[in-house]
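Structure below is structure-v4.cif: mmCIF, C-alpha atoms.
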data_query
loop_
_atom_site.label_atom_id
_atom_site.label_comp_id
_atom_site.auth_asym_id
_atom_site.auth_seq_id
_atom_site.Cartn_x
_atom_site.Cartn_y
_atom_site.Cartn_z
CA MET X 1 -17.53 86.23 52.48
CA PRO X 2 -18.47 89.60 51.32
CA LYS X 3 -19.89 91.74 54.03
CA ILE X 4 -22.91 93.78 53.27
CA LYS X 5 -21.97 97.24 54.20
CA LEU X 6 -24.80 99.32 55.48
CA PRO X 7 -24.61 103.03 54.87
CA THR X 8 -23.33 104.60 58.04
CA LYS X 9 -25.12 107.83 57.35
CA SER X 10 -27.47 108.66 60.23
CA PRO X 11 -31.06 108.98 59.12
CA HIS X 12 -31.64 112.64 59.33
CA VAL X 13 -35.31 113.44 59.87
CA ASP X 14 -36.39 116.91 59.07
CA MET X 15 -37.89 118.26 62.25
CA THR X 16 -39.14 121.55 60.85
CA PRO X 17 -42.78 120.54 60.23
CA MET X 18 -42.92 119.01 63.67
CA VAL X 19 -41.71 122.24 65.18
CA ASP X 20 -44.32 124.10 63.17
CA LEU X 21 -47.05 121.88 64.43
CA PHE X 22 -45.92 122.18 68.01
CA SER X 23 -45.75 125.94 67.73
CA VAL X 24 -49.34 126.05 66.57
CA VAL X 25 -50.52 123.82 69.39
CA LEU X 26 -48.52 125.78 71.93
CA THR X 27 -49.84 129.12 70.74
CA PHE X 28 -53.39 127.83 70.81
CA MET X 29 -52.94 126.57 74.34
CA MET X 30 -51.40 129.77 75.58
CA LEU X 31 -54.27 131.77 74.17
CA THR X 32 -57.08 129.60 75.47
CA ALA X 33 -55.53 128.63 78.76
CA THR X 34 -57.07 129.49 82.04
CA MET X 35 -54.93 128.23 84.83
CA ARG X 36 -56.42 125.51 86.89
CA GLN X 37 -56.88 126.55 90.45
CA THR X 38 -55.40 124.38 93.09
CA GLU X 39 -57.89 123.48 95.74
CA PRO X 40 -57.02 122.43 99.27
CA ALA X 41 -59.10 119.31 98.83
CA PRO X 42 -59.70 117.33 95.65
CA VAL X 43 -63.27 117.83 94.52
CA ASP X 44 -65.06 116.01 91.72
CA THR X 45 -68.02 118.14 90.87
CA PRO X 46 -71.18 116.45 89.60
CA PHE X 47 -72.41 116.84 86.04
CA SER X 48 -75.35 118.83 84.77
CA ILE X 49 -76.73 120.19 81.54
CA SER X 50 -76.39 123.79 82.66
CA GLU X 51 -74.38 125.93 80.29
CA LYS X 52 -73.97 129.03 82.39
CA ASN X 53 -70.40 129.97 83.15
CA THR X 54 -69.10 130.48 86.62
CA PRO X 55 -68.73 134.17 87.42
CA ASN X 56 -65.17 135.29 88.09
CA PHE X 57 -65.83 137.88 90.72
CA ASN X 58 -68.49 138.86 93.22
CA THR X 59 -68.69 135.29 94.34
CA MET X 60 -68.14 133.35 97.46
CA THR X 61 -67.49 129.72 96.83
CA LEU X 62 -68.14 127.12 99.45
CA LEU X 63 -66.09 124.04 98.84
CA LEU X 64 -67.54 120.91 100.38
CA SER X 65 -65.04 118.11 100.39
CA LYS X 66 -65.57 114.39 100.48
CA ASP X 67 -64.45 114.15 104.09
CA ASP X 68 -67.09 116.65 105.19
CA ARG X 69 -64.94 119.74 105.51
CA VAL X 70 -66.05 123.19 104.46
CA TYR X 71 -63.70 125.61 102.75
CA LEU X 72 -64.47 129.13 101.70
CA ASN X 73 -63.19 131.36 98.95
CA PHE X 74 -64.10 134.84 97.80
CA ASP X 75 -63.79 136.17 94.30
CA ASN X 76 -62.31 132.88 93.16
CA GLY X 77 -58.79 133.51 94.25
CA GLU X 78 -56.62 136.55 94.43
CA ASP X 79 -58.36 139.79 95.04
CA THR X 80 -59.81 142.13 92.50
CA THR X 81 -59.19 145.87 92.61
CA LEU X 82 -61.97 146.33 95.10
CA LYS X 83 -59.98 144.54 97.82
CA PHE X 84 -62.77 142.76 99.64
CA ARG X 85 -60.69 140.01 101.12
CA PRO X 86 -58.71 141.97 103.73
CA LYS X 87 -61.85 143.86 104.77
CA ILE X 88 -63.72 140.62 105.37
CA LEU X 89 -60.86 139.19 107.39
CA ALA X 90 -60.59 142.38 109.44
CA GLU X 91 -64.30 142.17 110.24
CA MET X 92 -63.90 138.54 111.24
CA GLY X 93 -60.98 139.55 113.44
CA LYS X 94 -63.10 142.18 115.18
CA ARG X 95 -65.83 139.64 115.81
CA TYR X 96 -63.44 137.15 117.40
CA ASN X 97 -61.17 139.73 119.08
CA ILE X 98 -58.16 138.98 116.95
CA GLU X 99 -56.04 141.86 115.72
CA PHE X 100 -54.67 141.18 112.25
CA THR X 101 -51.63 143.13 111.19
CA GLU X 102 -51.27 144.90 107.87
CA GLY X 103 -48.94 142.16 106.64
CA GLU X 104 -51.34 139.40 107.55
CA LEU X 105 -54.19 141.12 105.75
CA LYS X 106 -51.97 141.46 102.69
CA GLU X 107 -51.08 137.80 102.88
CA PHE X 108 -54.76 136.89 103.02
CA GLU X 109 -55.52 139.17 100.11
CA LYS X 110 -53.02 137.33 97.97
CA TYR X 111 -54.02 133.86 99.10
CA PRO X 112 -55.04 132.29 95.83
CA THR X 113 -57.39 129.52 96.76
CA SER X 114 -60.03 128.33 99.16
CA MET X 115 -59.19 128.26 102.81
CA GLY X 116 -60.62 126.17 105.57
CA VAL X 117 -59.00 127.36 108.74
CA PRO X 118 -60.73 128.04 112.03
CA ILE X 119 -60.39 131.74 112.73
CA LEU X 120 -58.37 131.16 115.91
CA LYS X 121 -55.66 129.48 113.84
CA MET X 122 -55.74 132.11 111.11
CA LYS X 123 -52.75 134.08 112.41
CA GLU X 124 -50.64 130.94 112.57
CA PHE X 125 -51.88 129.93 109.13
CA LEU X 126 -50.93 133.21 107.51
CA ALA X 127 -47.49 133.17 109.09
CA ILE X 128 -46.57 129.86 107.47
CA LYS X 129 -45.18 130.09 103.98
CA ASP X 130 -44.90 126.40 103.25
CA VAL X 131 -47.89 124.99 101.40
CA LYS X 132 -47.67 121.55 102.96
CA GLN X 133 -47.61 122.88 106.49
CA ARG X 134 -50.54 125.10 105.65
CA THR X 135 -52.75 122.20 104.62
CA VAL X 136 -52.17 120.59 108.01
CA LEU X 137 -53.94 123.53 109.62
CA GLU X 138 -56.86 123.39 107.22
CA THR X 139 -59.35 121.38 109.18
CA GLY X 140 -62.37 123.06 107.63
CA ILE X 141 -64.39 126.02 108.81
CA PRO X 142 -66.40 125.12 111.92
CA ILE X 143 -70.14 124.90 111.26
CA ASP X 144 -71.45 123.57 114.58
CA SER X 145 -74.25 125.51 116.13
CA THR X 146 -72.00 126.35 119.10
CA ASP X 147 -69.15 127.66 116.98
CA ASN X 148 -70.68 128.68 113.70
CA GLN X 149 -67.85 130.55 112.04
CA LEU X 150 -69.19 129.87 108.55
CA ALA X 151 -72.28 131.91 109.35
CA ASP X 152 -70.06 134.82 110.40
CA TRP X 153 -67.94 134.55 107.29
CA ILE X 154 -71.08 134.64 105.14
CA LEU X 155 -72.51 137.53 107.11
CA PHE X 156 -69.36 139.69 106.78
CA THR X 157 -68.81 138.74 103.18
CA ARG X 158 -72.26 140.01 102.37
CA GLN X 159 -71.82 143.11 104.47
CA VAL X 160 -68.58 144.04 102.75
CA ASN X 161 -69.76 143.09 99.29
CA PRO X 162 -73.55 143.16 98.94
CA ASN X 163 -73.41 141.94 95.34
CA VAL X 164 -71.84 138.65 96.25
CA GLN X 165 -73.30 135.47 94.80
CA ALA X 166 -73.07 132.20 96.61
CA CYS X 167 -71.61 129.23 94.79
CA ILE X 168 -71.50 125.76 96.18
CA LYS X 169 -68.85 123.46 94.86
CA GLY X 170 -69.28 120.04 96.31
CA ASP X 171 -67.84 116.67 95.65
CA SER X 172 -70.38 114.17 94.35
CA LYS X 173 -69.66 111.98 97.35
CA THR X 174 -70.24 114.68 99.97
CA SER X 175 -72.87 113.41 102.35
CA TYR X 176 -76.25 115.09 102.24
CA PRO X 177 -76.47 116.10 105.92
CA LEU X 178 -73.46 118.38 105.44
CA VAL X 179 -75.00 119.95 102.36
CA LYS X 180 -78.24 120.39 104.27
CA ARG X 181 -76.43 122.02 107.18
CA VAL X 182 -74.63 124.45 104.88
CA LEU X 183 -77.86 125.29 103.03
CA ASP X 184 -79.56 125.87 106.37
CA ILE X 185 -76.84 128.26 107.49
CA MET X 186 -77.17 130.14 104.22
CA GLN X 187 -80.93 130.28 104.55
CA GLU X 188 -80.60 131.64 108.06
CA LYS X 189 -78.38 134.36 106.68
CA ASN X 190 -80.99 135.09 104.01
CA VAL X 191 -79.01 133.76 101.10
CA LYS X 192 -81.68 132.23 98.96
CA GLN X 193 -80.16 131.95 95.56
CA PHE X 194 -77.32 129.54 95.01
CA ASN X 195 -75.20 128.48 92.14
CA LEU X 196 -74.18 124.87 92.21
CA VAL X 197 -70.89 124.39 90.43
CA THR X 198 -71.05 121.51 88.00
CA ASN X 199 -69.35 120.18 84.92
CA LEU X 200 -71.06 120.24 81.59
CA ASP X 201 -72.56 117.01 80.39
CA ALA X 202 -74.88 117.65 77.50
CA VAL X 203 -77.94 115.48 77.37
CA LYS X 204 -80.39 115.74 74.56
CA ILE X 205 -83.58 113.86 74.80
CA ASN X 206 -85.91 113.11 72.03
CA LEU X 207 -89.59 112.97 72.75
CA ALA X 208 -90.36 110.60 69.90
CA GLU X 209 -87.77 108.17 71.17
CA ILE X 210 -89.27 108.06 74.59
CA GLN X 211 -92.80 107.62 73.29
CA LYS X 212 -91.86 104.33 71.72
CA MET W 1 -12.01 112.55 46.17
CA ALA W 2 -8.44 112.68 45.26
CA GLU W 3 -9.23 114.68 42.21
CA ILE W 4 -11.02 117.31 44.12
CA ILE W 5 -8.17 117.84 46.44
CA GLN W 6 -5.90 118.06 43.49
CA GLU W 7 -8.12 120.61 41.92
CA GLU W 8 -8.14 122.71 45.01
CA LYS W 9 -4.44 122.61 45.18
CA ALA W 10 -4.30 123.52 41.58
CA GLY W 11 -6.77 126.36 41.86
CA GLY W 12 -5.13 127.79 44.87
CA LYS W 13 -8.34 129.55 45.81
CA LYS W 14 -10.24 128.13 48.73
CA LYS W 15 -13.89 127.90 47.87
CA ALA W 16 -16.27 127.88 50.77
CA LYS W 17 -18.33 124.77 50.55
CA LYS W 18 -21.99 125.42 49.83
CA HIS W 19 -23.80 123.85 52.69
CA ALA W 20 -27.50 124.22 53.26
CA PRO W 21 -27.50 125.59 56.78
CA HIS W 22 -28.92 122.61 58.55
CA ILE W 23 -29.92 123.45 62.07
CA ASP W 24 -30.62 120.61 64.39
CA MET W 25 -34.18 121.10 65.50
CA THR W 26 -34.28 118.31 68.06
CA PRO W 27 -33.67 120.41 71.20
CA MET W 28 -36.34 122.83 70.06
CA VAL W 29 -38.80 119.98 69.66
CA ASP W 30 -37.87 118.77 73.12
CA LEU W 31 -38.49 122.16 74.59
CA MET W 32 -41.84 122.51 72.88
CA CYS W 33 -42.92 119.07 74.04
CA LEU W 34 -42.07 120.11 77.54
CA LEU W 35 -44.02 123.35 77.29
CA ILE W 36 -47.05 121.65 75.81
CA THR W 37 -47.05 119.05 78.54
CA PHE W 38 -46.79 121.77 81.15
CA PHE W 39 -49.72 123.67 79.68
CA MET W 40 -51.81 120.57 79.33
CA LEU W 41 -51.38 119.79 82.99
CA THR W 42 -52.01 123.25 84.33
CA THR W 43 -54.92 124.40 82.20
CA ALA W 44 -58.51 123.84 83.05
CA PHE W 45 -60.03 122.96 79.72
CA SER W 46 -63.66 123.10 80.58
CA LYS W 47 -64.65 125.99 82.69
CA PRO W 48 -66.96 124.85 85.44
CA LYS W 49 -70.60 125.65 84.86
CA ILE W 50 -73.18 126.66 87.37
CA MET W 51 -76.69 125.54 88.00
CA GLU W 52 -78.96 128.00 89.71
CA ILE W 53 -81.23 127.01 92.51
CA VAL W 54 -83.49 129.13 94.64
CA LEU W 55 -84.53 128.07 98.09
CA PRO W 56 -87.63 129.39 99.81
CA GLU W 57 -87.34 131.78 102.67
CA LYS W 58 -86.82 130.20 106.04
CA GLN W 59 -90.12 129.95 107.84
CA THR W 60 -89.62 131.63 111.17
CA ASP W 61 -93.24 131.96 112.20
CA PRO W 62 -94.31 128.57 113.58
CA ASN W 63 -97.98 129.36 113.13
CA ALA W 64 -97.65 130.16 109.46
CA GLU W 65 -99.68 127.92 107.21
CA PRO W 66 -97.56 125.95 104.77
CA PRO W 67 -98.41 126.75 101.18
CA LYS W 68 -101.20 124.59 99.85
CA ILE W 69 -100.59 122.51 96.77
CA PRO W 70 -103.01 120.08 95.11
CA GLY W 71 -102.24 116.55 96.23
CA SER W 72 -103.18 115.01 92.91
CA ARG W 73 -100.30 116.76 91.17
CA THR W 74 -97.77 116.18 93.90
CA LEU W 75 -94.95 113.79 93.23
CA ASN W 76 -92.57 112.99 96.05
CA ILE W 77 -89.07 111.94 95.21
CA VAL W 78 -86.90 110.64 98.00
CA LEU W 79 -83.22 110.19 97.34
CA GLY W 80 -82.14 107.04 99.04
CA PRO W 81 -78.80 105.44 99.83
CA ASP W 82 -76.68 103.80 97.12
CA ASN W 83 -77.82 106.19 94.36
CA LYS W 84 -81.37 104.90 94.46
CA ILE W 85 -84.48 106.97 94.06
CA TYR W 86 -87.78 106.24 95.74
CA TRP W 87 -90.95 107.98 94.77
CA TYR W 88 -94.62 108.02 95.48
CA PRO W 89 -97.40 110.18 94.14
CA GLY W 90 -99.84 112.13 96.24
CA VAL W 91 -99.78 113.07 99.85
CA VAL W 92 -99.18 111.08 102.98
CA LYS W 93 -100.51 112.51 106.18
CA PRO W 94 -98.59 111.91 109.38
CA GLU W 95 -101.77 110.47 110.89
CA ASP W 96 -101.81 107.38 108.72
CA TYR W 97 -98.25 106.34 109.42
CA ASN W 98 -99.45 102.82 110.08
CA SER W 99 -100.49 102.33 106.50
CA LEU W 100 -97.78 104.06 104.58
CA PRO W 101 -98.04 103.67 100.82
CA PRO W 102 -95.37 101.59 99.12
CA LEU W 103 -92.45 103.39 97.55
CA PHE W 104 -91.55 102.90 93.92
CA GLU W 105 -87.89 102.30 93.36
CA THR W 106 -86.01 103.64 90.38
CA ASP W 107 -82.56 104.92 89.48
CA PHE W 108 -80.79 107.77 87.72
CA SER W 109 -80.67 106.11 84.31
CA ALA W 110 -82.53 107.44 81.29
CA SER W 111 -85.08 104.67 81.52
CA GLY W 112 -85.54 105.24 85.23
CA VAL W 113 -86.48 108.51 86.76
CA ARG W 114 -86.30 110.43 83.50
CA LYS W 115 -88.91 108.25 81.84
CA MET W 116 -91.14 108.49 84.87
CA LEU W 117 -90.87 112.28 84.97
CA LEU W 118 -91.44 112.67 81.25
CA GLU W 119 -94.57 110.55 81.36
CA ARG W 120 -96.01 112.92 83.90
CA ASN W 121 -94.68 116.05 82.31
CA ARG W 122 -95.36 115.16 78.69
CA ALA W 123 -97.70 118.02 77.88
CA LEU W 124 -95.33 120.73 79.04
CA PHE W 125 -92.26 119.02 77.64
CA LYS W 126 -93.93 118.76 74.25
CA LYS W 127 -94.78 122.44 74.30
CA ILE W 128 -91.19 123.38 75.12
CA ASP W 129 -89.85 120.94 72.58
CA ASP W 130 -92.12 122.26 69.82
CA PHE W 131 -91.12 125.79 70.68
CA ASN W 132 -87.44 124.91 70.56
CA ASN W 133 -87.92 123.21 67.22
CA LEU W 134 -89.57 126.31 65.81
CA VAL W 135 -86.57 128.36 66.90
CA ILE W 136 -83.98 125.91 65.63
CA THR W 137 -85.59 125.45 62.22
CA GLY W 138 -85.86 129.21 61.86
CA LYS W 139 -89.61 129.37 61.58
CA LEU W 140 -89.65 131.67 64.54
CA VAL W 141 -86.99 134.33 64.66
CA ILE W 142 -86.48 135.77 68.12
CA SER W 143 -83.48 136.63 70.24
CA GLN W 144 -81.83 134.21 72.61
CA ASP W 145 -83.09 136.12 75.62
CA SER W 146 -86.69 135.96 74.57
CA VAL W 147 -86.34 132.24 73.94
CA LYS W 148 -85.46 131.82 77.58
CA GLY W 149 -88.23 134.17 78.60
CA SER W 150 -90.81 132.33 76.53
CA ILE W 151 -89.81 128.98 77.97
CA ARG W 152 -90.05 130.44 81.44
CA GLN W 153 -93.52 131.70 80.60
CA LEU W 154 -94.53 128.28 79.27
CA LYS W 155 -93.39 126.73 82.51
CA LYS W 156 -95.21 129.33 84.55
CA ASP W 157 -98.48 128.82 82.72
CA ASP W 158 -98.29 125.07 83.05
CA ASP W 159 -101.03 123.59 85.21
CA THR W 160 -100.92 119.92 84.35
CA GLY W 161 -97.39 118.83 85.10
CA PRO W 162 -96.29 117.42 88.42
CA ILE W 163 -95.22 119.44 91.40
CA VAL W 164 -92.13 117.60 92.46
CA LEU W 165 -91.00 117.62 96.06
CA ILE W 166 -87.42 116.47 96.33
CA LYS W 167 -86.34 115.07 99.64
CA ALA W 168 -83.11 113.42 100.56
CA TYR W 169 -82.58 110.63 103.02
CA LYS W 170 -79.55 111.20 105.21
CA LYS W 171 -77.44 108.60 103.41
CA ALA W 172 -77.87 110.32 100.06
CA ASN W 173 -75.00 112.39 98.73
CA TYR W 174 -74.57 115.74 97.08
CA GLY W 175 -74.15 114.21 93.65
CA ASN W 176 -77.63 112.71 93.90
CA VAL W 177 -79.12 116.10 94.71
CA VAL W 178 -77.46 117.75 91.74
CA ASP W 179 -78.42 114.83 89.49
CA ILE W 180 -82.08 115.02 90.39
CA LEU W 181 -82.17 118.81 89.97
CA ASP W 182 -80.53 118.26 86.62
CA GLU W 183 -83.20 115.70 85.72
CA MET W 184 -85.81 118.38 86.49
CA ASN W 185 -84.12 120.70 84.03
CA ILE W 186 -83.80 118.01 81.38
CA CYS W 187 -87.44 117.03 81.63
CA GLY W 188 -88.59 120.64 81.82
CA VAL W 189 -90.46 120.18 85.06
CA ALA W 190 -91.98 123.52 85.92
CA HIS W 191 -92.46 123.23 89.65
CA TYR W 192 -89.96 121.53 91.87
CA MET W 193 -88.68 122.21 95.30
CA LEU W 194 -85.99 120.87 97.56
CA VAL W 195 -87.64 120.24 100.90
CA ASP W 196 -86.82 118.56 104.19
CA ILE W 197 -87.57 114.91 104.55
CA THR W 198 -90.28 114.05 107.09
CA TRP W 199 -89.87 111.36 109.69
CA TYR W 200 -92.51 109.13 108.12
CA GLU W 201 -90.76 109.34 104.79
CA GLU W 202 -87.53 108.33 106.45
CA LYS W 203 -89.42 105.38 107.83
CA MET W 204 -90.75 104.51 104.39
CA VAL W 205 -87.24 104.49 102.95
CA GLU W 206 -85.99 102.41 105.83
CA THR W 207 -88.68 99.78 105.32
CA ALA W 208 -88.04 99.80 101.58
CA THR W 209 -84.30 99.32 101.94
CA GLY W 210 -84.29 97.24 105.07
CA ILE W 211 -82.03 99.58 106.99
CA ALA W 212 -82.43 99.47 110.75
CA PRO W 213 -84.83 102.30 111.49
CA THR W 214 -83.55 105.33 113.26
CA PRO W 215 -85.48 106.27 116.37
CA THR W 216 -88.15 108.57 115.12
CA PRO W 217 -89.27 111.51 117.18
CA ALA W 218 -92.64 111.29 118.79
CA LYS W 219 -95.51 111.85 116.41
CA LYS W 220 -96.01 115.47 115.83
#

Output the structure of this file as structure tokens.
Amino acid sequence: MPKIKLPTKSPHVDMTPMVDLFSVVLTFMMLTATMRQTEPAPVDTPFSISEKNTPNFNTMTLLLSKDDRVYLNFDNGEDTTLKFRPKILAEMGKRYNIEFTEGELKEFEKYPTSMGVPILKMKEFLAIKDVKQRTVLETGIPIDSTDNQLADWILFTRQVNPNVQACIKGDSKTSYPLVKRVLDIMQEKNVKQFNLVTNLDAVKINLAEIQK
Amino acid sequence: MAEIIQEEKAGGKKKAKKHAPHIDMTPMVDLMCLLITFFMLTTAFSKPKIMEIVLPEKQTDPNAEPPKIPGSRTLNIVLGPDNKIYWYPGVVKPEDYNSLPPLFETDFSASGVRKMLLERNRALFKKIDDFNNLVITGKLVISQDSVKGSIRQLKKDDDTGPIVLIKAYKKANYGNVVDILDEMNICGVAHYMLVDITWYEEKMVETATGIAPTPTPAKK
């Protein structure tokens, strides 16, 4: 029986156009990319029609997580040239009689994301380099009326940087009493204007359609 | 084949074979795939947006009169548990807590609270809508800033739309608050305010939902 001999030649696909395409996509991504910030707690922000962008500096962002913890961040991550972060921490240290060393202040300056550590644990927190061990210490900033550290943070943030804008970034599932408590603290500290961080979800309504 | 070899032998000269330089692109493709995946995972595509909200100054003077607003235009929205919205028009005085008005129940869908708000805010919404149409169709040429300013002025001059008081029951969540504020923006409501819930309103929600009532403080 005659065997049908298949050509043994390997099918050689020309990859060049694929490489071209990938290069274009890659270049586009590199140019448009803004790195996603890692947050200590996963937060799903609610949607709104607002189209205003989040400011990159002169902000303090309060992160309200699903499990009712409060985290705080200034200037959305690492410090700008004005170096507010170490000043704020030094003020906090003075208030709670904790002496922060130069190295600790530097560490705090570079800390890239929101933190939710009670001030008494801050020294310990800054000494740890491992991210996982750090998150163990992050139990949220105390907001009870007996130990209202959030109020102090807000106070010193505004003293050090008077132009600061308050942003609230909450998870949709955060319970209202916590939000209320945080808003109350802000109101007490005379912060009256807030920015609620949301995702864009364009809604267009048509009057004629509704009249039907 | 054999002939070629023979020829070569005959010619004596070794001719370099003309090969198109074929580079294997596969590793490069692999690398690019990897990079693209990495970028996709680390980039935030949509930058988060912000919604502005202004709260009134904290009232420290207990004797201060609360600002007076006409009851006929007042619309109370109470955010309830399970993403429900309860609302009632007008004013309820703490004195008549025995005969509390019924709450209307609605939800966050387009046919729910949005329809209800638009019905009450039609006049103003139409004005804003007409104005926007003029700008979009190019009949009115003004800068983006003055568009915003004009809309703000329209809202300020409005004296027919509802004054919405937004209150949240303690089982509501943050998403509900943002959603209702967003609804206010969508419907172009001129006057709205986030205020504390009163104990009789808590009671109204509890009777409407059938939750065991929380012990209310003594009548103030």

Identify all residues satisfying the PyMOL selection byres ((chain X) within 6 of (chain W)) in the given file; provide them as a PDB file with C-alpha atoms, in the frame of the given file.
ATOM      1  CA  MET X  15     -37.890 118.260  62.250  1.00  0.00           C
ATOM      2  CA  VAL X  19     -41.710 122.240  65.180  1.00  0.00           C
ATOM      3  CA  LEU X  26     -48.520 125.780  71.930  1.00  0.00           C
ATOM      4  CA  ALA X  33     -55.530 128.630  78.760  1.00  0.00           C
ATOM      5  CA  THR X  34     -57.070 129.490  82.040  1.00  0.00           C
ATOM      6  CA  MET X  35     -54.930 128.230  84.830  1.00  0.00           C
ATOM      7  CA  ARG X  36     -56.420 125.510  86.890  1.00  0.00           C
ATOM      8  CA  PRO X  46     -71.180 116.450  89.600  1.00  0.00           C
ATOM      9  CA  SER X  48     -75.350 118.830  84.770  1.00  0.00           C
ATOM     10  CA  SER X  50     -76.390 123.790  82.660  1.00  0.00           C
ATOM     11  CA  GLU X  51     -74.380 125.930  80.290  1.00  0.00           C
ATOM     12  CA  LYS X  52     -73.970 129.030  82.390  1.00  0.00           C
ATOM     13  CA  ASN X  53     -70.400 129.970  83.150  1.00  0.00           C
ATOM     14  CA  THR X  54     -69.100 130.480  86.620  1.00  0.00           C
ATOM     15  CA  SER X 172     -70.380 114.170  94.350  1.00  0.00           C
ATOM     16  CA  LYS X 173     -69.660 111.980  97.350  1.00  0.00           C
ATOM     17  CA  THR X 174     -70.240 114.680  99.970  1.00  0.00           C
ATOM     18  CA  SER X 175     -72.870 113.410 102.350  1.00  0.00           C
ATOM     19  CA  TYR X 176     -76.250 115.090 102.240  1.00  0.00           C
ATOM     20  CA  PRO X 177     -76.470 116.100 105.920  1.00  0.00           C
ATOM     21  CA  LYS X 192     -81.680 132.230  98.960  1.00  0.00           C
ATOM     22  CA  GLN X 193     -80.160 131.950  95.560  1.00  0.00           C
ATOM     23  CA  PHE X 194     -77.320 129.540  95.010  1.00  0.00           C
ATOM     24  CA  ASN X 195     -75.200 128.480  92.140  1.00  0.00           C
ATOM     25  CA  LEU X 196     -74.180 124.870  92.210  1.00  0.00           C
ATOM     26  CA  VAL X 197     -70.890 124.390  90.430  1.00  0.00           C
ATOM     27  CA  THR X 198     -71.050 121.510  88.000  1.00  0.00           C
ATOM     28  CA  ASN X 199     -69.350 120.180  84.920  1.00  0.00           C
TER      29      ASN X 199
END

Find the residues near range 123-126 of chain X: any atom within 12 Å, counting all atoms listed in the file, skip ones fewer than 5 places away on the same chain, and give them as a PyMOL selection string.
chain X and resi 89-90+93+98-111+115-118+131-139

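Here CA of Met204 in chain W and CA of Tyr86 in chain W stand 9.3 Å from one another.
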
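Using all atoms listed in the file, the shortest contact distance between Pro112 in chain X and any of X:Leu150, X:Leu183, X:Leu72, X:Val25 is found at X:Leu72.
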
To one decimal place in Å, what is the distance between CA of Thr157 in chain X and CA of Asp75 in chain X?
10.5 Å

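For the atom pair formed by CA of Ala208 in chain W and CA of Leu100 in chain W, the distance is 11.0 Å, given to one decimal.
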
Point (-101.9, 116.2, 93.7), cut-off 10 Å, counting all atoms listed in the file, residues as a PDB file with C-alpha atoms, keeping the file's coordinate frame:
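Everything below was put into point_7.pdb:
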ATOM      1  CA  ILE W  69    -100.590 122.510  96.770  1.00  0.00           C
ATOM      2  CA  PRO W  70    -103.010 120.080  95.110  1.00  0.00           C
ATOM      3  CA  GLY W  71    -102.240 116.550  96.230  1.00  0.00           C
ATOM      4  CA  SER W  72    -103.180 115.010  92.910  1.00  0.00           C
ATOM      5  CA  ARG W  73    -100.300 116.760  91.170  1.00  0.00           C
ATOM      6  CA  THR W  74     -97.770 116.180  93.900  1.00  0.00           C
ATOM      7  CA  LEU W  75     -94.950 113.790  93.230  1.00  0.00           C
ATOM      8  CA  PRO W  89     -97.400 110.180  94.140  1.00  0.00           C
ATOM      9  CA  GLY W  90     -99.840 112.130  96.240  1.00  0.00           C
ATOM     10  CA  VAL W  91     -99.780 113.070  99.850  1.00  0.00           C
ATOM     11  CA  PRO W 162     -96.290 117.420  88.420  1.00  0.00           C
ATOM     12  CA  ILE W 163     -95.220 119.440  91.400  1.00  0.00           C
ATOM     13  CA  VAL W 164     -92.130 117.600  92.460  1.00  0.00           C
TER      14      VAL W 164
END

Given the PyMOL selection byres ((chain X and resi 153) around 9) and the file above, list the residues it selects as a PyMOL selection string.
chain X and resi 72+88-89+91-92+149-152+154-158

Which residues match the PyMOL selection byres ((chain X and resi 68) around 9) in the file above, as an mmCIF file with C-alpha atoms, in the frame of the given file?
data_model
loop_
_atom_site.group_PDB
_atom_site.id
_atom_site.type_symbol
_atom_site.label_atom_id
_atom_site.label_comp_id
_atom_site.auth_asym_id
_atom_site.auth_seq_id
_atom_site.Cartn_x
_atom_site.Cartn_y
_atom_site.Cartn_z
ATOM 1 C CA LEU X 64 -67.540 120.910 100.380
ATOM 2 C CA SER X 65 -65.040 118.110 100.390
ATOM 3 C CA LYS X 66 -65.570 114.390 100.480
ATOM 4 C CA ASP X 67 -64.450 114.150 104.090
ATOM 5 C CA ARG X 69 -64.940 119.740 105.510
ATOM 6 C CA VAL X 70 -66.050 123.190 104.460
ATOM 7 C CA GLY X 140 -62.370 123.060 107.630
ATOM 8 C CA THR X 174 -70.240 114.680 99.970
ATOM 9 C CA SER X 175 -72.870 113.410 102.350
ATOM 10 C CA LEU X 178 -73.460 118.380 105.440
#

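With all atoms listed in the file as the atoms that count, the minimum distance from Ile197 in chain W to the choices W:Ile136, W:Gly80, W:Ile211, W:Leu154 is reached by W:Gly80.
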
Kindly reconstruct range 35-39 of chain W with N, CA and C atoms and present the result as a CSV table (one decimal), in the frame of the given file.
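This went into out-v7.csv:
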chain,number,residue,atom,x,y,z
W,35,LEU,N,-43.1,122.3,77.1
W,35,LEU,CA,-44.0,123.4,77.3
W,35,LEU,C,-45.5,122.9,77.1
W,36,ILE,N,-45.7,122.1,76.1
W,36,ILE,CA,-47.0,121.6,75.8
W,36,ILE,C,-47.5,120.8,77.0
W,37,THR,N,-46.7,119.9,77.4
W,37,THR,CA,-47.0,119.0,78.5
W,37,THR,C,-47.4,119.9,79.8
W,38,PHE,N,-46.6,120.9,80.0
W,38,PHE,CA,-46.8,121.8,81.2
W,38,PHE,C,-48.2,122.5,81.0
W,39,PHE,N,-48.4,123.0,79.9
W,39,PHE,CA,-49.7,123.7,79.7
W,39,PHE,C,-50.9,122.7,79.8
